[in-house]
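Asker: The structure that follows is given in the form of structure tokens.
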Amino acid sequence: MSETFALICGGIGGALLGSFTTMLVWRLHNDETGIWTGRSKCPECKKTLSALELIPLISWLVQRGTCKNCGKKISAFYPLVEIVFVISGIIFVQFFYSEIWWYMGLKLILVFFALILWVYDTKFFEVDRRISWPAILLALLLAFVEGGTQSALIGGLIGFSLFAVQYFYSRGRWVGAGDMELGIFMGLALGWEKTIGALFIAYILGTIIALPLLLLKKKNMKSPLPMGAFLMPAFLIMLHSGDQIIEWYINFFIF
Ligand SMILES: [Zn+2]
């Protein structure tokens, strides 16, 4: 597989999975049946979208963020999801360069789980157990395969405790119960060293994004922040470049 071809496949695969995920998350949230069938619809008028209306970002821009059928505004979150998926596809397709195809396949599913959790939490401020628990089990399985079980279990414990303390102390006002599951997932998948890195990045992202919203008074301190919106991007950054980031950090601050 040539490198260019792989990148194109990653981008296209990402775009397809992005559309699929939006549909999946909406149907899981509304408890609709038929998750695996049917095409994407306009969220307002439910008209099935044509192939031309499903081109990531471009369709949304061409139609100036409105539906061709009903003319209602379509949230910028949809194209954002598509861009994130296309970029993730291009970046993570490199996992396929390894010879152990089934292991790399499982790693890609792990990435996919993180992206689904990200879309769900960002949109609905919820963590769906039908996604988070399979994700946790997969992370545990991969830790066994990689022989990093000890680091993974410590990571899971760190991720869980951090959110459990906040959850019980604030009686669910600061973080949700689902954030504990995200913490376990992240810790198991990354091991404790990278988990600490991911938590730092998540809080930096949270501050950069939440502070302007607070200042603009769009949110007040009582609005629950969807932690997953920051945790999952931080998780993917550490999953991809954790080793380099930790090395950079050690060189920069310690030596
Ligand atoms: Zn419509």
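Here's how to read the names in the structure tokens: chain A, B, ... by the order shown, residue numbers from 1 in each chain, ligand numbers from 1 in the order shown.
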Per residue of chain A within 6 Å of ligand 1, record the nearest atom pair and its distance in Å to one decimal, counting only C-alpha atoms and all ligand atoms, with rows in chain order and ascending residue number, as a tab-separated table.
Answerer:
residue	atom	partner	partner_atom_place_in_ligand_line	distance
A:Cys42	CA	ligand 1	1 (Zn)	4.6
A:Glu44	CA	ligand 1	1 (Zn)	4.9
A:Cys45	CA	ligand 1	1 (Zn)	4.0
A:Lys47	CA	ligand 1	1 (Zn)	5.9
A:Cys67	CA	ligand 1	1 (Zn)	4.5
A:Asn69	CA	ligand 1	1 (Zn)	5.0
A:Cys70	CA	ligand 1	1 (Zn)	4.2
Asker: Tell me which protein, DNA and RNA residues are within 7 Å of Val93 of chain A, counting only C-alpha atoms, leaving out same-chain ones fewer than 4 positions away, and put them as a VMD selection string.
Answerer: chain A and resid 6 to 7 10 89
Asker: Excluding Ala198 of chain A and its own-chain neighbours fewer than 3 positions away, which residues fall within 7 Å of it when counting only C-alpha atoms? Please give them as a list of chain:residue names.
Answerer: A:Lys194, A:Thr195, A:Ile201, A:Ala202, A:Ala234, A:Phe235, A:Met238
Asker: Of the candidates A:Ala177, A:Ala76, A:Ala189, A:Ile109, which one gets nearest to Phe144 of chain A if we count only C-alpha atoms?
Answerer: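 Using only C-alpha atoms, Phe144 of chain A sits closest to A:Ala189.
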Asker: Restricting the calculation to only C-alpha atoms: of A:Ser59, A:Thr66, A:Ser132, A:Thr207, which residue gets closest to Tyr120 of chain A?
Answerer: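 Of A:Ser59, A:Thr66, A:Ser132, A:Thr207, the one nearest Tyr120 of chain A, counting only C-alpha atoms, is A:Ser132.
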Asker: What residues in segment 42-231 of chain A get the DSSP label alpha helix (DSSP H)? Please answer as a ChimeraX atom specification.
Answerer: /A:58-62,77-92,101-124,129-146,149-169,177-215,228-231
Asker: Between atom CA of Ile116 of chain A and atom CA of Lys46 of chain A, measure the distance and give it in Å to one decimal.
Answerer: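 Interatomic distance, atom CA of Ile116 of chain A to atom CA of Lys46 of chain A: 21.7 Å.
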Asker: Compile the contact shell of Ile154 of chain A as JSON, numbers by chain: residues with an atom at most 8 Å away, counting only C-alpha atoms, same-chain residues fewer than 5 positions apart removed.
Answerer: {"A": [187, 188, 191, 192]}
Asker: Please dump the current selection as a PDB file, in the first residue's frame; keep C-alpha atoms.
Answerer:
ATOM      1  CA  GLY A 187      -6.439   5.011  31.738  1.00  0.00           C
ATOM      2  CA  LEU A 188      -6.664   1.416  30.552  1.00  0.00           C
ATOM      3  CA  GLY A 191      -1.340   3.392  30.761  1.00  0.00           C
ATOM      4  CA  TRP A 192      -0.733   5.718  33.701  1.00  0.00           C
TER       5      TRP A 192
END
Asker: When you draw a straight line from atom CA of Leu239 of chain A to atom CA of Val119 of chain A, how long is it in Å?
Answerer: 18.0 Å
Asker: For Glu146 of chain A, list every protein, DNA or RNA residue within 12 Å, evaluated using only C-alpha atoms, and leave out those in the same chain fewer than 3 positions away; present the list as a PDB file with N, CA, C and O atoms, in the first residue's frame.
Answerer:
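Result written to selection20.pdb:
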ATOM      1  N   TYR A 103      -4.308  -6.812  15.381  1.00  0.00           N
ATOM      2  CA  TYR A 103      -3.996  -5.933  16.504  1.00  0.00           C
ATOM      3  C   TYR A 103      -4.242  -4.476  16.112  1.00  0.00           C
ATOM      4  O   TYR A 103      -4.843  -3.695  16.860  1.00  0.00           O
ATOM      5  N   MET A 104      -3.800  -4.134  14.892  1.00  0.00           N
ATOM      6  CA  MET A 104      -3.987  -2.771  14.415  1.00  0.00           C
ATOM      7  C   MET A 104      -5.469  -2.477  14.174  1.00  0.00           C
ATOM      8  O   MET A 104      -5.936  -1.378  14.406  1.00  0.00           O
ATOM      9  N   LEU A 106      -7.877  -3.713  15.950  1.00  0.00           N
ATOM     10  CA  LEU A 106      -8.450  -3.446  17.275  1.00  0.00           C
ATOM     11  C   LEU A 106      -8.108  -2.026  17.742  1.00  0.00           C
ATOM     12  O   LEU A 106      -8.925  -1.337  18.350  1.00  0.00           O
ATOM     13  N   LYS A 107      -6.871  -1.587  17.421  1.00  0.00           N
ATOM     14  CA  LYS A 107      -6.459  -0.227  17.792  1.00  0.00           C
ATOM     15  C   LYS A 107      -7.336   0.817  17.091  1.00  0.00           C
ATOM     16  O   LYS A 107      -7.716   1.821  17.679  1.00  0.00           O
ATOM     17  N   ALA A 139     -10.177  -1.847  25.639  1.00  0.00           N
ATOM     18  CA  ALA A 139      -8.934  -1.259  26.149  1.00  0.00           C
ATOM     19  C   ALA A 139      -8.215  -2.258  27.051  1.00  0.00           C
ATOM     20  O   ALA A 139      -6.987  -2.404  26.986  1.00  0.00           O
ATOM     21  N   LEU A 140      -8.992  -2.980  27.877  1.00  0.00           N
ATOM     22  CA  LEU A 140      -8.418  -3.976  28.783  1.00  0.00           C
ATOM     23  C   LEU A 140      -7.791  -5.122  27.985  1.00  0.00           C
ATOM     24  O   LEU A 140      -6.666  -5.557  28.262  1.00  0.00           O
ATOM     25  N   LEU A 141      -8.492  -5.574  26.960  1.00  0.00           N
ATOM     26  CA  LEU A 141      -7.997  -6.648  26.104  1.00  0.00           C
ATOM     27  C   LEU A 141      -6.675  -6.236  25.445  1.00  0.00           C
ATOM     28  O   LEU A 141      -5.702  -7.001  25.439  1.00  0.00           O
ATOM     29  N   LEU A 142      -6.626  -5.008  24.923  1.00  0.00           N
ATOM     30  CA  LEU A 142      -5.411  -4.531  24.260  1.00  0.00           C
ATOM     31  C   LEU A 142      -4.249  -4.428  25.245  1.00  0.00           C
ATOM     32  O   LEU A 142      -3.101  -4.715  24.898  1.00  0.00           O
ATOM     33  N   ALA A 143      -4.563  -4.031  26.492  1.00  0.00           N
ATOM     34  CA  ALA A 143      -3.515  -3.935  27.510  1.00  0.00           C
ATOM     35  C   ALA A 143      -2.917  -5.312  27.780  1.00  0.00           C
ATOM     36  O   ALA A 143      -1.700  -5.457  27.920  1.00  0.00           O
ATOM     37  N   THR A 149      -0.344  -4.534  31.254  1.00  0.00           N
ATOM     38  CA  THR A 149      -1.525  -4.589  32.117  1.00  0.00           C
ATOM     39  C   THR A 149      -1.369  -3.750  33.383  1.00  0.00           C
ATOM     40  O   THR A 149      -2.296  -3.060  33.787  1.00  0.00           O
ATOM     41  N   GLN A 150      -0.164  -3.799  33.990  1.00  0.00           N
ATOM     42  CA  GLN A 150       0.014  -3.103  35.259  1.00  0.00           C
ATOM     43  C   GLN A 150      -0.161  -1.590  35.096  1.00  0.00           C
ATOM     44  O   GLN A 150      -0.927  -0.957  35.822  1.00  0.00           O
ATOM     45  N   SER A 151       0.529  -1.036  34.099  1.00  0.00           N
ATOM     46  CA  SER A 151       0.425   0.396  33.830  1.00  0.00           C
ATOM     47  C   SER A 151      -1.010   0.765  33.468  1.00  0.00           C
ATOM     48  O   SER A 151      -1.523   1.814  33.880  1.00  0.00           O
ATOM     49  N   ALA A 152      -1.673  -0.122  32.714  1.00  0.00           N
ATOM     50  CA  ALA A 152      -3.055   0.139  32.297  1.00  0.00           C
ATOM     51  C   ALA A 152      -3.986   0.191  33.510  1.00  0.00           C
ATOM     52  O   ALA A 152      -4.828   1.082  33.621  1.00  0.00           O
ATOM     53  N   LEU A 188      -6.979   2.771  31.004  1.00  0.00           N
ATOM     54  CA  LEU A 188      -6.664   1.416  30.552  1.00  0.00           C
ATOM     55  C   LEU A 188      -5.985   1.445  29.187  1.00  0.00           C
ATOM     56  O   LEU A 188      -5.047   0.694  28.923  1.00  0.00           O
ATOM     57  N   ALA A 189      -6.467   2.328  28.309  1.00  0.00           N
ATOM     58  CA  ALA A 189      -5.952   2.352  26.945  1.00  0.00           C
ATOM     59  C   ALA A 189      -4.570   2.999  26.863  1.00  0.00           C
ATOM     60  O   ALA A 189      -3.761   2.618  26.015  1.00  0.00           O
ATOM     61  N   LEU A 190      -4.289   3.956  27.752  1.00  0.00           N
ATOM     62  CA  LEU A 190      -3.033   4.705  27.623  1.00  0.00           C
ATOM     63  C   LEU A 190      -1.940   4.253  28.585  1.00  0.00           C
ATOM     64  O   LEU A 190      -0.770   4.495  28.327  1.00  0.00           O
ATOM     65  N   GLY A 191      -2.317   3.630  29.700  1.00  0.00           N
ATOM     66  CA  GLY A 191      -1.340   3.392  30.761  1.00  0.00           C
ATOM     67  C   GLY A 191      -1.213   4.669  31.579  1.00  0.00           C
ATOM     68  O   GLY A 191      -1.624   5.737  31.129  1.00  0.00           O
TER      69      GLY A 191
END
Asker: Rounded to one decimal place, report the atom CA of Lys73 of chain A-atom CA of Ala15 of chain A distance in Å.
Answerer: 21.4 Å
Asker: Using only C-alpha atoms, which of A:Leu182, A:Gly147, A:Met232, A:Val25 sits nearest Ser161 of chain A?
Answerer: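 Checking each of A:Leu182, A:Gly147, A:Met232, A:Val25 against Ser161 of chain A, counting only C-alpha atoms, the winner is A:Leu182.
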Asker: Compile the contact shell of Ile12 of chain A as a PDB file with C-alpha atoms, in the first residue's frame: residues with an atom at most 12 Å away, counting only C-alpha atoms, same-chain residues fewer than 2 positions apart removed.
Answerer:
ATOM      1  CA  PHE A   5      -3.130   5.720  -1.313  1.00  0.00           C
ATOM      2  CA  ALA A   6      -3.240   4.937   2.412  1.00  0.00           C
ATOM      3  CA  LEU A   7      -3.849   8.601   3.284  1.00  0.00           C
ATOM      4  CA  ILE A   8      -6.688   8.856   0.743  1.00  0.00           C
ATOM      5  CA  CYS A   9      -8.253   5.654   2.106  1.00  0.00           C
ATOM      6  CA  GLY A  10      -7.920   7.007   5.650  1.00  0.00           C
ATOM      7  CA  GLY A  14     -12.964   8.782   8.142  1.00  0.00           C
ATOM      8  CA  ALA A  15     -15.625  10.695   6.193  1.00  0.00           C
ATOM      9  CA  LEU A  16     -17.855   7.622   5.914  1.00  0.00           C
ATOM     10  CA  LEU A  17     -17.426   6.719   9.586  1.00  0.00           C
ATOM     11  CA  GLY A  18     -18.122  10.347  10.529  1.00  0.00           C
ATOM     12  CA  SER A  19     -21.528  10.301   8.801  1.00  0.00           C
ATOM     13  CA  ILE A  55     -19.832  15.440   1.191  1.00  0.00           C
ATOM     14  CA  PRO A  56     -18.044  16.341   4.419  1.00  0.00           C
ATOM     15  CA  GLU A  82     -16.867  15.271   9.729  1.00  0.00           C
ATOM     16  CA  ILE A  83     -13.606  17.240   9.733  1.00  0.00           C
ATOM     17  CA  PHE A  85     -13.220  12.138  11.508  1.00  0.00           C
ATOM     18  CA  VAL A  86     -11.434  12.845   8.213  1.00  0.00           C
ATOM     19  CA  ILE A  87      -8.348  14.120  10.075  1.00  0.00           C
ATOM     20  CA  SER A  88      -8.446  11.132  12.454  1.00  0.00           C
ATOM     21  CA  GLY A  89      -8.737   8.754   9.494  1.00  0.00           C
ATOM     22  CA  ILE A  90      -5.696  10.298   7.812  1.00  0.00           C
ATOM     23  CA  VAL A  93      -4.467   4.941   9.074  1.00  0.00           C
TER      24      VAL A  93
END
Asker: Which residue out of A:Phe253, A:Phe92, A:Tyr203, A:Phe125 has the minimum interatomic distance to His240 of chain A when only C-alpha atoms are used?
Answerer: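 Residue with the minimum atom-to-atom distance to His240 of chain A: A:Phe92.
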